[in-house]
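A.B. asks: Before we start, here is the structure in question, set down as structure tokens.
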Amino acid sequence: MALFSQKTAAALTAQLGDVLAEINRLHVDIGALSETASTDQDHHRLNVMRSRLDTALAKETRLRGEIASAAEHERLAEQDAAFDAAVTIGSRVTEAGAELVAVIAQIWPAVRKLIELDDAFCAAVPVKAADWHRHDFTANLLSLILNELYVASEGRLRGTTGLVQSPHQLAQNPLFSIEGALREHLAMGFKARPSKQESAQSTSTTGPEPVAQES
């Protein structure tokens with residue numbers, strides 16, 4: 001069985017243009033002949049032209065319906081094609097998401113190592129500064145990671161609530177980076193440690209312990 005492809009809306013529109021041109025010619029010819037018709041032959045020609053006009057008008061109506069149908073068919077075909085393309089991209093998005101999850105899983109061991117070492121460092125400090133709690137590095141670690149992502153992504157990833165600085169502005173403040181905050185945190189850990197000069201003065205004030213004499 002032969003298969004016929006459906007005409008496009010553009011082809012049908014061009015065909016409609018020809019039909020409209022024919023309708024206009026028939027209107028002009030019928031009007032001109034109606035003013036001069038005097039014989040049976042003239043009236044027969046008028047009847048023929050009017051019949052052709054009716055046929056052309058019916059064809060115009062049919063073509064307009066076919067154009068609307070073809071345009072809708074093409075719109076749906078384009079929409080389906082767009083969805084097919086989106087499905088392909090969606091598959092790649094899923095793969096990228098899986099890659100991100102894998103990367104995060106690889107990051108956690110490093111984060112855990114940092115947390116455990118920081119816990120050990122905090123436990124090892126014998127005398128803690130009164131305001132050390134203000135620089136709780138571990139508690140702020142997730143926010144610091146989000147800040148690093150914010151800067152690295154040039155603002156496309158925004159996670160910290162209330163963040164108003166631009167990535168460039170945030171990068172200028174060392175306390176908003178992991179490295180800078182950690183350096184401050186470690187410095188605060190040693191804040192209560194006496195300087196060598198203070199230790200020497202303390203030793204000289206108390207003096208050496210007396211040596212017991214033998215009886």
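Chain identifiers are assigned as A, B, and so on, following the order in which chains appear in the structure tokens; residues are numbered from 1 within each chain, and ligands are numbered from 1 in order of appearance.
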Contacts of stretch 101-116 of chain A at 12 Å or less, counting only C-alpha atoms, minus same-chain residues fewer than 3 places along, as a list of chain:residue names?

C.D. replies: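 Residues meeting the cut-off are A:Thr94, A:Glu95, A:Ala96, A:Gly97, A:Ala98, A:Asp119, A:Ala120, A:Phe121, A:Cys122, A:Ala123, A:Asp136, A:Phe137, A:Thr138, A:Ala139, A:Asn140, A:Leu141, A:Leu142, A:Leu144, A:Ile145, A:Ile178, A:Glu179, A:Leu182.
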
A.B. asks: Suppose we keep N, CA and C atoms; can you now write the selection as a JSON list (two decimals), in the first residue's frame?

C.D. replies:
[["chain", "number", "residue", "atom", "x", "y", "z"],
["A", 94, "THR", "N", 21.55, 12.73, 35.56],
["A", 94, "THR", "CA", 21.55, 11.65, 36.55],
["A", 94, "THR", "C", 22.97, 11.11, 36.75],
["A", 95, "GLU", "N", 23.69, 10.94, 35.65],
["A", 95, "GLU", "CA", 25.07, 10.47, 35.74],
["A", 95, "GLU", "C", 25.94, 11.47, 36.51],
["A", 96, "ALA", "N", 25.74, 12.76, 36.21],
["A", 96, "ALA", "CA", 26.52, 13.79, 36.90],
["A", 96, "ALA", "C", 26.20, 13.79, 38.40],
["A", 97, "GLY", "N", 24.92, 13.57, 38.74],
["A", 97, "GLY", "CA", 24.53, 13.49, 40.15],
["A", 97, "GLY", "C", 25.21, 12.34, 40.85],
["A", 98, "ALA", "N", 25.28, 11.20, 40.16],
["A", 98, "ALA", "CA", 25.95, 10.03, 40.73],
["A", 98, "ALA", "C", 27.44, 10.30, 40.93],
["A", 119, "ASP", "N", 39.79, 17.27, 67.33],
["A", 119, "ASP", "CA", 39.37, 16.83, 68.67],
["A", 119, "ASP", "C", 40.60, 16.51, 69.53],
["A", 120, "ALA", "N", 41.56, 15.85, 68.92],
["A", 120, "ALA", "CA", 42.79, 15.49, 69.65],
["A", 120, "ALA", "C", 43.58, 16.74, 70.02],
["A", 121, "PHE", "N", 43.60, 17.71, 69.10],
["A", 121, "PHE", "CA", 44.31, 18.96, 69.38],
["A", 121, "PHE", "C", 43.66, 19.71, 70.54],
["A", 122, "CYS", "N", 42.33, 19.80, 70.51],
["A", 122, "CYS", "CA", 41.61, 20.50, 71.59],
["A", 122, "CYS", "C", 41.85, 19.81, 72.94],
["A", 123, "ALA", "N", 41.88, 18.49, 72.93],
["A", 123, "ALA", "CA", 42.12, 17.75, 74.16],
["A", 123, "ALA", "C", 43.55, 17.93, 74.66],
["A", 136, "ASP", "N", 34.80, 27.99, 67.10],
["A", 136, "ASP", "CA", 34.58, 26.54, 67.07],
["A", 136, "ASP", "C", 34.68, 26.06, 65.62],
["A", 137, "PHE", "N", 35.87, 25.65, 65.27],
["A", 137, "PHE", "CA", 36.15, 25.30, 63.87],
["A", 137, "PHE", "C", 35.28, 24.14, 63.40],
["A", 138, "THR", "N", 35.19, 23.07, 64.17],
["A", 138, "THR", "CA", 34.44, 21.89, 63.76],
["A", 138, "THR", "C", 32.96, 22.19, 63.56],
["A", 139, "ALA", "N", 32.38, 22.98, 64.45],
["A", 139, "ALA", "CA", 30.95, 23.32, 64.34],
["A", 139, "ALA", "C", 30.67, 24.13, 63.09],
["A", 140, "ASN", "N", 31.65, 24.92, 62.65],
["A", 140, "ASN", "CA", 31.46, 25.77, 61.47],
["A", 140, "ASN", "C", 31.99, 25.14, 60.19],
["A", 141, "LEU", "N", 32.46, 23.90, 60.27],
["A", 141, "LEU", "CA", 33.13, 23.30, 59.12],
["A", 141, "LEU", "C", 32.22, 23.19, 57.90],
["A", 142, "LEU", "N", 30.97, 22.78, 58.10],
["A", 142, "LEU", "CA", 30.06, 22.64, 56.96],
["A", 142, "LEU", "C", 29.83, 23.99, 56.28],
["A", 144, "LEU", "N", 31.89, 26.44, 56.27],
["A", 144, "LEU", "CA", 33.13, 26.79, 55.58],
["A", 144, "LEU", "C", 33.24, 26.04, 54.25],
["A", 145, "ILE", "N", 32.80, 24.78, 54.23],
["A", 145, "ILE", "CA", 32.81, 24.01, 52.98],
["A", 145, "ILE", "C", 31.88, 24.67, 51.96],
["A", 178, "ILE", "N", 38.39, 27.54, 54.73],
["A", 178, "ILE", "CA", 38.80, 26.47, 55.63],
["A", 178, "ILE", "C", 40.22, 26.72, 56.14],
["A", 179, "GLU", "N", 41.10, 27.06, 55.25],
["A", 179, "GLU", "CA", 42.50, 27.26, 55.63],
["A", 179, "GLU", "C", 42.65, 28.43, 56.60],
["A", 182, "LEU", "N", 40.96, 27.66, 60.02],
["A", 182, "LEU", "CA", 41.74, 26.68, 60.76],
["A", 182, "LEU", "C", 42.99, 27.32, 61.36]]

A.B. asks: Would you list the contacts of A:Leu163 as a PyMOL selection string, taking every protein, DNA or RNA residue within 12 Å and counting only C-alpha atoms, but skipping same-chain residues closer than 5 positions in sequence?

C.D. replies: chain A and resi 143+146-147+150-151+155+157-158+169-170+176

A.B. asks: Atom CA of A:Ser69 to atom CA of A:Leu12: how many Å, to one decimal?

C.D. replies: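 Straight-line distance from atom CA of A:Ser69 to atom CA of A:Leu12 works out to 10.5 Å.
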
A.B. asks: Skipping near chain neighbours, those fewer than 2 positions away, what residues fall within 8 Å of stretch 25-39 of chain A using only C-alpha atoms, listed as a ChimeraX atom specification?

C.D. replies: /A:21-23,41-43,46,49-50,52-53

A.B. asks: Please determine, counting only C-alpha atoms, which residue among A:Ala192, A:Leu100, A:Ile67, A:Ala82 has the shortest atom-to-atom distance to A:Ala130.

C.D. replies: A:Ala192

A.B. asks: Atom CA of A:Glu78 and atom CA of A:Arg62 are how many Å apart?

C.D. replies: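 According to the coordinates, atom CA of A:Glu78 and atom CA of A:Arg62 are separated by 24.2 Å.
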
A.B. asks: Between A:Ala124, A:Leu63, A:Thr8, A:Ile89, which one has atoms that come closest to A:Arg75, using only C-alpha atoms?

C.D. replies: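 Closest to A:Arg75 of all the choices is A:Thr8.
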
A.B. asks: When you count only C-alpha atoms, which of these residues is closest to A:Leu186: A:Asp84, A:Glu60, A:Asp118, A:Glu74?

C.D. replies: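 Result for the nearest residue to A:Leu186: A:Asp118.
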